[in-house]
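So this one's input18.cif, mmCIF, C-alpha atoms:
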data_work
loop_
_atom_site.label_atom_id
_atom_site.label_comp_id
_atom_site.auth_asym_id
_atom_site.auth_seq_id
_atom_site.Cartn_x
_atom_site.Cartn_y
_atom_site.Cartn_z
CA MET A 1 119.14 -199.54 -92.95
CA PRO A 2 119.12 -201.95 -90.01
CA ALA A 3 115.94 -203.91 -89.47
CA ILE A 4 113.60 -202.73 -86.73
CA PRO A 5 112.95 -205.51 -84.21
CA SER A 6 109.39 -206.74 -83.99
CA LEU A 7 107.25 -205.68 -81.04
CA GLY A 8 105.18 -208.83 -81.14
CA GLY A 9 107.32 -210.59 -78.57
CA LEU A 10 106.73 -207.83 -76.05
CA ARG A 11 102.96 -208.33 -76.29
CA GLY A 12 102.86 -212.05 -75.74
CA ARG A 13 101.59 -213.69 -72.59
CA GLY A 14 104.96 -215.28 -72.00
CA ASN A 15 106.75 -211.98 -71.42
CA LYS A 16 107.92 -212.14 -67.81
CA ASN A 17 108.97 -208.49 -67.76
CA ALA A 18 105.52 -207.18 -68.76
CA VAL A 19 104.04 -204.75 -66.25
CA PRO A 20 100.44 -205.62 -65.29
CA VAL A 21 97.93 -202.92 -66.16
CA ARG A 22 95.91 -201.74 -63.18
CA PRO A 23 92.57 -199.98 -63.48
CA ILE A 24 92.85 -196.25 -63.00
CA PRO A 25 90.48 -195.11 -60.25
CA VAL A 26 88.06 -192.41 -61.28
CA PRO A 27 88.24 -189.41 -58.94
CA LEU A 28 85.24 -188.61 -56.79
CA SER A 29 84.77 -185.30 -58.58
CA ALA A 30 83.71 -187.20 -61.69
CA TYR A 31 80.57 -188.31 -59.85
CA VAL A 32 79.96 -185.16 -57.81
CA VAL A 33 77.41 -182.96 -59.55
CA ASP A 34 77.85 -180.18 -57.01
CA CYS A 35 79.20 -179.65 -53.50
CA ALA A 36 78.28 -176.47 -51.64
CA VAL A 37 78.46 -174.97 -48.16
CA TYR A 38 75.52 -172.91 -46.89
CA VAL A 39 75.83 -170.61 -43.90
CA GLY A 40 73.00 -168.35 -42.81
CA GLY A 41 71.06 -169.33 -45.92
CA GLU A 42 73.83 -168.08 -48.22
CA ARG A 43 76.07 -170.22 -50.37
CA LEU A 44 79.73 -169.67 -49.64
CA PRO A 45 81.85 -168.93 -52.72
CA GLY A 46 84.50 -171.29 -54.03
CA ARG A 47 84.76 -174.95 -54.95
CA TRP A 48 84.79 -177.48 -52.14
CA THR A 49 85.62 -181.12 -51.71
CA HIS A 50 83.32 -183.06 -49.42
CA THR A 51 86.03 -183.22 -46.75
CA GLU A 52 86.78 -179.50 -46.87
CA ALA A 53 83.08 -178.63 -46.89
CA ILE A 54 82.14 -180.54 -43.74
CA LYS A 55 85.26 -179.29 -41.93
CA GLU A 56 84.27 -175.70 -42.73
CA VAL A 57 80.73 -176.19 -41.44
CA ARG A 58 81.80 -177.89 -38.22
CA LYS A 59 84.49 -175.29 -37.63
CA ARG A 60 81.85 -172.56 -37.84
CA HIS A 61 79.31 -174.58 -35.81
CA GLU A 62 76.58 -173.46 -38.21
CA GLY A 63 75.35 -174.08 -41.73
CA PHE A 64 75.26 -177.32 -43.69
CA VAL A 65 76.74 -179.09 -46.71
CA TRP A 66 74.78 -180.20 -49.77
CA ILE A 67 76.47 -182.78 -52.00
CA GLY A 68 74.92 -184.15 -55.17
CA LEU A 69 76.15 -187.45 -56.63
CA HIS A 70 75.14 -189.10 -59.89
CA GLU A 71 75.41 -192.89 -60.11
CA PRO A 72 78.64 -193.32 -58.10
CA ASP A 73 80.27 -196.71 -57.71
CA ALA A 74 81.14 -198.37 -54.42
CA GLN A 75 84.64 -196.93 -54.28
CA GLN A 76 83.45 -193.40 -54.94
CA ILE A 77 80.65 -193.31 -52.40
CA GLN A 78 82.70 -195.02 -49.71
CA GLY A 79 84.85 -191.92 -49.27
CA VAL A 80 81.73 -189.82 -48.68
CA ALA A 81 80.28 -192.46 -46.36
CA ASP A 82 83.42 -192.51 -44.22
CA THR A 83 83.53 -188.72 -43.97
CA PHE A 84 79.88 -188.30 -42.98
CA GLY A 85 79.45 -191.54 -41.03
CA LEU A 86 76.76 -193.06 -43.25
CA HIS A 87 75.44 -196.48 -42.33
CA GLU A 88 76.67 -199.31 -44.54
CA LEU A 89 73.16 -200.65 -45.21
CA ALA A 90 71.97 -197.25 -46.40
CA VAL A 91 75.07 -196.89 -48.57
CA GLU A 92 74.40 -200.31 -50.10
CA ASP A 93 70.82 -199.29 -50.94
CA ALA A 94 72.05 -196.01 -52.43
CA LEU A 95 74.35 -197.89 -54.79
CA GLU A 96 71.68 -200.26 -56.05
CA ALA A 97 68.86 -198.87 -58.14
CA HIS A 98 65.32 -200.31 -58.19
CA GLN A 99 64.64 -199.51 -54.55
CA ARG A 100 61.14 -199.05 -53.21
CA PRO A 101 60.27 -195.55 -51.88
CA LYS A 102 60.95 -195.62 -48.15
CA LEU A 103 62.22 -193.69 -45.13
CA GLU A 104 64.70 -195.23 -42.70
CA ARG A 105 66.56 -193.89 -39.69
CA TYR A 106 70.15 -194.85 -38.91
CA ASP A 107 71.37 -193.26 -35.67
CA ASP A 108 71.42 -189.51 -36.40
CA THR A 109 70.90 -189.88 -40.15
CA LEU A 110 67.73 -190.25 -42.22
CA PHE A 111 67.72 -192.15 -45.50
CA LEU A 112 64.92 -191.32 -47.94
CA VAL A 113 64.28 -193.04 -51.28
CA VAL A 114 61.96 -191.48 -53.86
CA LYS A 115 61.13 -192.48 -57.41
CA THR A 116 61.47 -189.85 -60.12
CA VAL A 117 59.32 -189.97 -63.25
CA ARG A 118 59.52 -188.46 -66.71
CA TYR A 119 56.88 -188.29 -69.42
CA VAL A 120 58.17 -189.75 -72.70
CA GLU A 121 57.00 -187.75 -75.69
CA HIS A 122 55.16 -189.72 -78.39
CA GLU A 123 52.89 -189.14 -81.37
CA SER A 124 49.92 -191.16 -80.17
CA PRO A 125 49.16 -193.06 -76.94
CA THR A 126 47.88 -195.99 -79.01
CA THR A 127 51.24 -196.52 -80.73
CA ALA A 128 53.71 -195.68 -77.94
CA ASN A 129 55.73 -198.46 -76.33
CA GLU A 130 56.83 -196.32 -73.37
CA ILE A 131 55.08 -193.36 -71.78
CA VAL A 132 56.62 -193.15 -68.30
CA GLU A 133 60.34 -193.42 -67.54
CA THR A 134 61.36 -193.81 -63.91
CA GLY A 135 64.54 -193.09 -61.99
CA GLU A 136 65.55 -192.96 -58.34
CA LEU A 137 66.77 -190.36 -55.91
CA MET A 138 68.31 -191.27 -52.55
CA VAL A 139 68.68 -188.59 -49.88
CA PHE A 140 70.83 -188.72 -46.74
CA LEU A 141 69.83 -186.14 -44.14
CA GLY A 142 72.05 -185.32 -41.18
CA ARG A 143 72.34 -182.53 -38.66
CA ASP A 144 74.64 -180.53 -40.91
CA PHE A 145 74.54 -182.19 -44.32
CA VAL A 146 72.34 -183.35 -47.19
CA ILE A 147 73.65 -185.91 -49.68
CA THR A 148 71.65 -186.79 -52.79
CA VAL A 149 72.42 -189.83 -54.95
CA ARG A 150 70.63 -189.82 -58.28
CA HIS A 151 70.08 -192.78 -60.61
CA GLY A 152 68.82 -192.11 -64.12
CA ASN A 153 69.40 -189.44 -66.73
CA HIS A 154 66.41 -187.28 -65.90
CA SER A 155 65.08 -185.28 -62.95
CA GLY A 156 68.32 -183.46 -62.26
CA LEU A 157 68.43 -181.06 -59.31
CA ALA A 158 70.56 -178.29 -60.83
CA ARG A 159 67.57 -176.03 -61.46
CA LEU A 160 66.20 -176.67 -57.98
CA ARG A 161 69.56 -175.83 -56.44
CA ARG A 162 69.67 -172.52 -58.33
CA GLU A 163 66.18 -171.67 -57.09
CA LEU A 164 67.17 -172.42 -53.50
CA ASP A 165 70.35 -170.38 -53.84
CA GLU A 166 68.08 -167.41 -54.55
CA ASP A 167 65.93 -168.10 -51.47
CA PRO A 168 68.19 -167.69 -48.40
CA GLU A 169 65.25 -167.44 -45.99
CA ARG A 170 64.23 -170.94 -46.92
CA LEU A 171 67.76 -172.31 -46.59
CA GLN A 172 68.06 -170.78 -43.12
CA LEU A 173 65.67 -173.50 -41.96
CA GLY A 174 68.50 -175.99 -42.36
CA PRO A 175 69.17 -179.13 -44.41
CA SER A 176 65.63 -180.44 -43.87
CA ALA A 177 64.41 -177.53 -46.02
CA VAL A 178 66.46 -178.98 -48.88
CA VAL A 179 64.84 -182.39 -48.36
CA HIS A 180 61.42 -180.75 -48.47
CA ALA A 181 62.34 -178.89 -51.66
CA ILE A 182 63.44 -182.17 -53.27
CA ALA A 183 60.24 -183.97 -52.23
CA ASP A 184 58.12 -181.06 -53.46
CA HIS A 185 60.06 -181.00 -56.74
CA VAL A 186 59.48 -184.73 -57.30
CA VAL A 187 55.77 -184.57 -56.44
CA ASP A 188 55.30 -181.57 -58.75
CA HIS A 189 56.72 -183.73 -61.53
CA TYR A 190 54.17 -186.39 -60.57
CA LEU A 191 51.39 -183.84 -61.05
CA ASP A 192 52.73 -182.81 -64.44
CA VAL A 193 53.11 -186.40 -65.64
CA THR A 194 49.65 -187.44 -64.43
CA GLY A 195 48.13 -184.43 -66.18
CA ARG A 196 49.69 -185.44 -69.49
CA ILE A 197 48.76 -189.09 -69.02
CA GLU A 198 45.18 -187.98 -68.37
CA ASN A 199 45.17 -186.30 -71.79
CA ASP A 200 46.48 -189.52 -73.37
CA ILE A 201 43.75 -191.57 -71.72
CA ASP A 202 41.10 -189.11 -72.90
CA VAL A 203 42.39 -189.50 -76.47
CA MET A 204 42.38 -193.28 -76.14
CA GLU A 205 38.87 -193.27 -74.67
CA ALA A 206 37.56 -191.19 -77.59
CA GLN A 207 39.18 -193.57 -80.07
CA VAL A 208 37.78 -196.65 -78.35
CA PHE A 209 34.18 -195.47 -78.74
CA ALA A 210 34.68 -193.95 -82.18
CA PRO A 211 33.11 -195.75 -85.18
CA ARG A 212 35.49 -198.14 -86.91
CA SER A 213 37.92 -197.85 -84.01
CA GLN A 214 41.31 -199.53 -84.47
CA VAL A 215 42.28 -199.48 -80.77
CA SER A 216 42.92 -202.98 -79.45
CA ALA A 217 42.76 -204.31 -75.92
CA GLU A 218 46.51 -204.91 -76.10
CA GLN A 219 47.19 -201.20 -76.63
CA ILE A 220 45.04 -200.30 -73.64
CA TYR A 221 46.83 -202.90 -71.56
CA LEU A 222 50.19 -201.32 -72.47
CA MET A 223 48.88 -197.99 -71.19
CA LYS A 224 47.65 -199.72 -68.05
CA ARG A 225 51.14 -201.15 -67.53
CA GLU A 226 52.64 -197.65 -67.74
CA VAL A 227 50.12 -196.42 -65.17
CA LEU A 228 51.12 -199.34 -62.95
CA GLU A 229 54.75 -198.21 -63.21
CA LEU A 230 53.68 -194.74 -62.11
CA ARG A 231 51.62 -196.22 -59.29
CA ARG A 232 54.64 -198.09 -57.95
CA ALA A 233 56.48 -194.78 -57.75
CA VAL A 234 53.69 -192.75 -56.16
CA MET A 235 51.79 -194.94 -53.72
CA PRO A 236 54.64 -196.13 -51.44
CA LEU A 237 55.90 -192.55 -50.99
CA ALA A 238 52.80 -191.51 -49.02
CA THR A 239 53.95 -193.13 -45.77
CA PRO A 240 57.47 -191.58 -45.70
CA ILE A 241 56.12 -188.09 -46.45
CA GLN A 242 53.43 -188.45 -43.80
CA ARG A 243 56.00 -189.52 -41.22
CA LEU A 244 58.15 -186.49 -41.99
CA ALA A 245 55.10 -184.26 -41.59
CA GLU A 246 54.19 -185.80 -38.23
CA GLY A 247 57.51 -185.34 -36.44
CA TYR A 248 59.18 -188.66 -37.10
CA THR A 249 62.61 -187.20 -36.29
CA ARG A 250 64.17 -184.15 -34.66
CA LEU A 251 66.11 -183.52 -37.85
CA VAL A 252 62.93 -181.98 -39.27
CA PRO A 253 61.93 -178.93 -37.17
CA ASP A 254 58.35 -177.80 -36.69
CA ASP A 255 58.75 -174.98 -39.21
CA VAL A 256 59.50 -177.50 -41.97
CA ARG A 257 56.87 -180.09 -41.03
CA SER A 258 54.06 -177.85 -42.23
CA TYR A 259 55.72 -177.77 -45.66
CA PHE A 260 55.79 -181.57 -45.72
CA ARG A 261 52.06 -181.60 -44.97
CA ASP A 262 51.54 -179.57 -48.14
CA VAL A 263 53.60 -182.12 -50.09
CA ALA A 264 51.49 -184.91 -48.57
CA ASP A 265 48.31 -183.19 -49.80
CA HIS A 266 49.69 -182.93 -53.33
CA LEU A 267 50.78 -186.55 -53.20
CA THR A 268 47.26 -187.57 -52.18
CA THR A 269 45.93 -185.79 -55.26
CA VAL A 270 48.39 -187.68 -57.45
CA SER A 271 47.48 -191.00 -55.82
CA GLU A 272 43.79 -190.41 -56.44
CA ARG A 273 44.49 -189.58 -60.08
CA VAL A 274 46.56 -192.72 -60.60
CA ALA A 275 43.89 -194.89 -58.97
CA ALA A 276 41.26 -193.30 -61.23
CA PHE A 277 43.44 -193.97 -64.28
CA ASP A 278 43.72 -197.62 -63.35
CA GLU A 279 39.96 -198.01 -62.95
CA LEU A 280 39.22 -196.14 -66.18
CA LEU A 281 41.67 -198.24 -68.18
CA SER A 282 40.14 -201.42 -66.76
CA THR A 283 36.75 -200.14 -67.91
CA LEU A 284 38.17 -199.37 -71.36
CA VAL A 285 39.57 -202.89 -71.63
CA ASP A 286 36.13 -204.32 -70.79
CA ALA A 287 34.46 -201.94 -73.24
CA THR A 288 36.89 -202.89 -76.00
CA VAL A 289 36.34 -206.60 -75.45
CA ALA A 290 32.57 -206.05 -75.41
CA LYS A 291 32.79 -203.98 -78.59
CA ILE A 292 34.80 -206.71 -80.30
CA SER A 293 32.24 -209.32 -79.23
CA LEU A 294 29.41 -207.12 -80.50
CA GLN A 295 31.19 -206.66 -83.81
CA GLN A 296 31.69 -210.40 -84.12
CA ASN A 297 27.99 -210.98 -83.41
CA THR A 298 27.09 -208.42 -86.07
CA ASP A 299 29.35 -210.12 -88.58
CA MET A 300 27.84 -213.51 -87.76
CA ARG A 301 24.33 -212.11 -88.31
CA LYS A 302 25.31 -210.77 -91.72
CA ILE A 303 26.93 -214.05 -92.70
CA THR A 304 23.88 -216.01 -91.51
CA SER A 305 21.48 -213.69 -93.37
CA TRP A 306 23.31 -213.96 -96.68
CA ALA A 307 23.65 -217.72 -96.23
CA ALA A 308 19.87 -217.99 -95.76
CA ILE A 309 19.24 -215.88 -98.87
CA ILE A 310 21.66 -217.91 -100.98
CA THR A 311 20.04 -221.14 -99.76
CA VAL A 312 16.80 -220.36 -101.65
CA PRO A 313 18.16 -220.38 -105.24
CA THR A 314 20.51 -223.22 -104.32
CA MET A 315 17.62 -225.38 -103.11
CA ILE A 316 15.32 -224.63 -106.05
CA ALA A 317 18.12 -225.08 -108.58
CA GLY A 318 18.99 -228.37 -106.91
CA ILE A 319 15.43 -229.64 -107.25
CA TYR A 320 15.09 -228.74 -110.91
CA GLY A 321 18.57 -230.00 -111.60
CA MET A 322 17.54 -233.61 -110.90
CA ASN A 323 17.32 -235.84 -113.99
CA PHE A 324 13.61 -236.68 -113.91
CA ASP A 325 11.26 -236.43 -116.87
CA TYR A 326 8.11 -235.65 -114.93
CA LEU A 327 8.73 -232.45 -113.00
CA PRO A 328 6.11 -229.72 -112.69
CA GLU A 329 6.45 -227.06 -115.36
CA LEU A 330 9.44 -228.88 -116.86
CA HIS A 331 8.07 -228.69 -120.40
CA TRP A 332 6.05 -225.50 -119.90
CA LYS A 333 7.37 -222.53 -121.84
CA PHE A 334 6.84 -220.17 -118.88
CA GLY A 335 8.47 -222.54 -116.38
CA TYR A 336 11.91 -220.93 -116.45
CA PRO A 337 10.69 -217.33 -116.02
CA LEU A 338 8.38 -218.48 -113.23
CA VAL A 339 11.19 -220.20 -111.31
CA ILE A 340 13.47 -217.16 -111.66
CA THR A 341 10.65 -214.89 -110.50
CA VAL A 342 9.93 -217.08 -107.46
CA ILE A 343 13.63 -217.17 -106.55
CA LEU A 344 13.97 -213.39 -106.78
CA ALA A 345 10.75 -212.81 -104.84
CA ILE A 346 11.76 -215.10 -101.97
CA CYS A 347 15.30 -213.64 -101.84
CA LEU A 348 13.93 -210.09 -101.83
CA LEU A 349 11.46 -210.98 -99.08
CA LEU A 350 14.20 -212.49 -96.92
CA TYR A 351 16.45 -209.49 -97.54
CA ARG A 352 13.74 -207.07 -96.39
CA ILE A 353 13.04 -209.15 -93.28
CA PHE A 354 16.71 -209.31 -92.30
CA ARG A 355 17.16 -205.63 -93.11
CA LYS A 356 14.19 -204.67 -90.96
CA ASN A 357 15.55 -206.67 -88.01
CA GLY A 358 18.98 -205.03 -88.31
CA TRP A 359 20.85 -208.10 -89.47
CA LEU A 360 21.89 -206.50 -92.76
#
Serialized structure, structure tokens:
Amino acid sequence: MPAIPSLGGLRGRGNKNAVPVRPIPVPLSAYVVDCAVYVGGERLPGRWTHTEAIKEVRKRHEGFVWIGLHEPDAQQIQGVADTFGLHELAVEDALEAHQRPKLERYDDTLFLVVKTVRYVEHESPTTANEIVETGELMVFLGRDFVITVRHGNHSGLARLRRELDEDPERLQLGPSAVVHAIADHVVDHYLDVTGRIENDIDVMEAQVFAPRSQVSAEQIYLMKREVLELRRAVMPLATPIQRLAEGYTRLVPDDVRSYFRDVADHLTTVSERVAAFDELLSTLVDATVAKISLQQNTDMRKITSWAAIITVPTMIAGIYGMNFDYLPELHWKFGYPLVITVILAICLLLYRIFRKNGWL
């Protein structure tokens, strides 16, 4: 049988005929969670690309497009940006996570950034390393489109989209109604998370003031850090929601502004809760430090009391342990019982005094 030539030479760097491998671009559909056309509050059947969807809406001169993207890269989102005329600065912010909640206007497009939160399940708040997980949701609002860009693996909008599909009267208000639904959905999650964190803080508070508590100031500080993470998501969102409720742009009609006022009220409730959590945890830190100091003082009192009691037999034994011939009661047959009796009497007296004063 003839020998099979080796393939090693074809894999070497010196092969001039080797074809360079180019990265295969991932299609936009891999990042599109959903793309739908809504006319008269009803979702049109069929599957749409973003180009086909906006052409259909503008051909009809009514309705809007809702596109959901999940963590697209620059190449993927650029096609959407070119089709819908999105501003390059807003697109850059949508690509990069860790944005602060804000509302910006670029020509005829609004760009809204909100922080999403998720409560991380755990056995005990005193042993958990993470309680709140955050993500981000960017929303582009135009005259006839809504584009959502989601970062993170939680707070998906599939359930919200299904609920809106079953509420055509709400969708008839236009794309701003979708933005309101998203904001309301996010703030409702804030309420749920703050309610569960409140339960955790109640448990931690009970453990701090319980006898023989094992809760340390470090554990409370970790909880305080999680509340701070939640505060960074909640507090900055108040201004954007308030601006949408007060007629910041014509893209939000009067019928929808009243709904944003309701979201603003709920957000105020969340903000007050988070501020109260922060103050309560600061108080718990102070109480824990004070409790530790009190425990240390109690321990020092006990040590001092026992040291004073032990000093009595040590001192008497030291005196009678000196090598002198002429010591009182040295040669008396009742000397030893008398010394032992005196030692026990003085020690018992000191014990009762310290016990009465709460040192033992």
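For the pair CA of Val312 (chain A) and CA of Lys356 (chain A), the interatomic distance is 19.2 Å.
Applied to the file shown here, the PyMOL selection byres ((chain A and resi 250) around 12) selects the residues Arg105, Asp107, Asp108, Thr109, Leu110, Leu141, Gly142, Arg143, Ser176, Arg243, Leu244, Ala245, Glu246, Gly247, Tyr248, Thr249, Leu251, Val252, Pro253, Asp254, Asp255, Val256 and Arg257 of chain A.
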Selected residues written out, C-alpha atoms, as a PDB file, keeping the file's coordinate frame:
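Listing of selection.pdb after writing:
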ATOM      1  CA  ARG A 105      66.560-193.890 -39.690  1.00  0.00           C
ATOM      2  CA  ASP A 107      71.370-193.260 -35.670  1.00  0.00           C
ATOM      3  CA  ASP A 108      71.420-189.510 -36.400  1.00  0.00           C
ATOM      4  CA  THR A 109      70.900-189.880 -40.150  1.00  0.00           C
ATOM      5  CA  LEU A 110      67.730-190.250 -42.220  1.00  0.00           C
ATOM      6  CA  LEU A 141      69.830-186.140 -44.140  1.00  0.00           C
ATOM      7  CA  GLY A 142      72.050-185.320 -41.180  1.00  0.00           C
ATOM      8  CA  ARG A 143      72.340-182.530 -38.660  1.00  0.00           C
ATOM      9  CA  SER A 176      65.630-180.440 -43.870  1.00  0.00           C
ATOM     10  CA  ARG A 243      56.000-189.520 -41.220  1.00  0.00           C
ATOM     11  CA  LEU A 244      58.150-186.490 -41.990  1.00  0.00           C
ATOM     12  CA  ALA A 245      55.100-184.260 -41.590  1.00  0.00           C
ATOM     13  CA  GLU A 246      54.190-185.800 -38.230  1.00  0.00           C
ATOM     14  CA  GLY A 247      57.510-185.340 -36.440  1.00  0.00           C
ATOM     15  CA  TYR A 248      59.180-188.660 -37.100  1.00  0.00           C
ATOM     16  CA  THR A 249      62.610-187.200 -36.290  1.00  0.00           C
ATOM     17  CA  LEU A 251      66.110-183.520 -37.850  1.00  0.00           C
ATOM     18  CA  VAL A 252      62.930-181.980 -39.270  1.00  0.00           C
ATOM     19  CA  PRO A 253      61.930-178.930 -37.170  1.00  0.00           C
ATOM     20  CA  ASP A 254      58.350-177.800 -36.690  1.00  0.00           C
ATOM     21  CA  ASP A 255      58.750-174.980 -39.210  1.00  0.00           C
ATOM     22  CA  VAL A 256      59.500-177.500 -41.970  1.00  0.00           C
ATOM     23  CA  ARG A 257      56.870-180.090 -41.030  1.00  0.00           C
TER      24      ARG A 257
END
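Among A:Ser293, A:His154, A:Thr269, A:Asp144, the residue with the shortest atom-to-atom distance to His61 (chain A), counting only C-alpha atoms, is A:Asp144.
Shell of region 130-135 of chain A at 7 Å, with only C-alpha atoms counted and residues fewer than 6 places along the chain excluded, is Lys115, Thr116, Val117, Arg118, Tyr119, Val120, His151, Gly152 and Glu226 of chain A.
Interatomic distance, CA of Asn357 (chain A) against CA of Ile309 (chain A): 14.7 Å.
Nearest residue to Val149 (chain A) among A:Ala183, A:Ala275, A:Ile340, A:Ala94 is A:Ala94, counting all atoms listed in the file.
Among the candidates A:Leu157, A:Val39, A:Ala233, A:Ala74, the residue lying nearest to Glu169 (chain A) is A:Val39 (atoms considered: all atoms listed in the file).
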Nearest residue to Leu360 (chain A) out of A:Tyr31, A:Tyr320, A:Trp306, A:Phe334, using only C-alpha atoms? A:Trp306
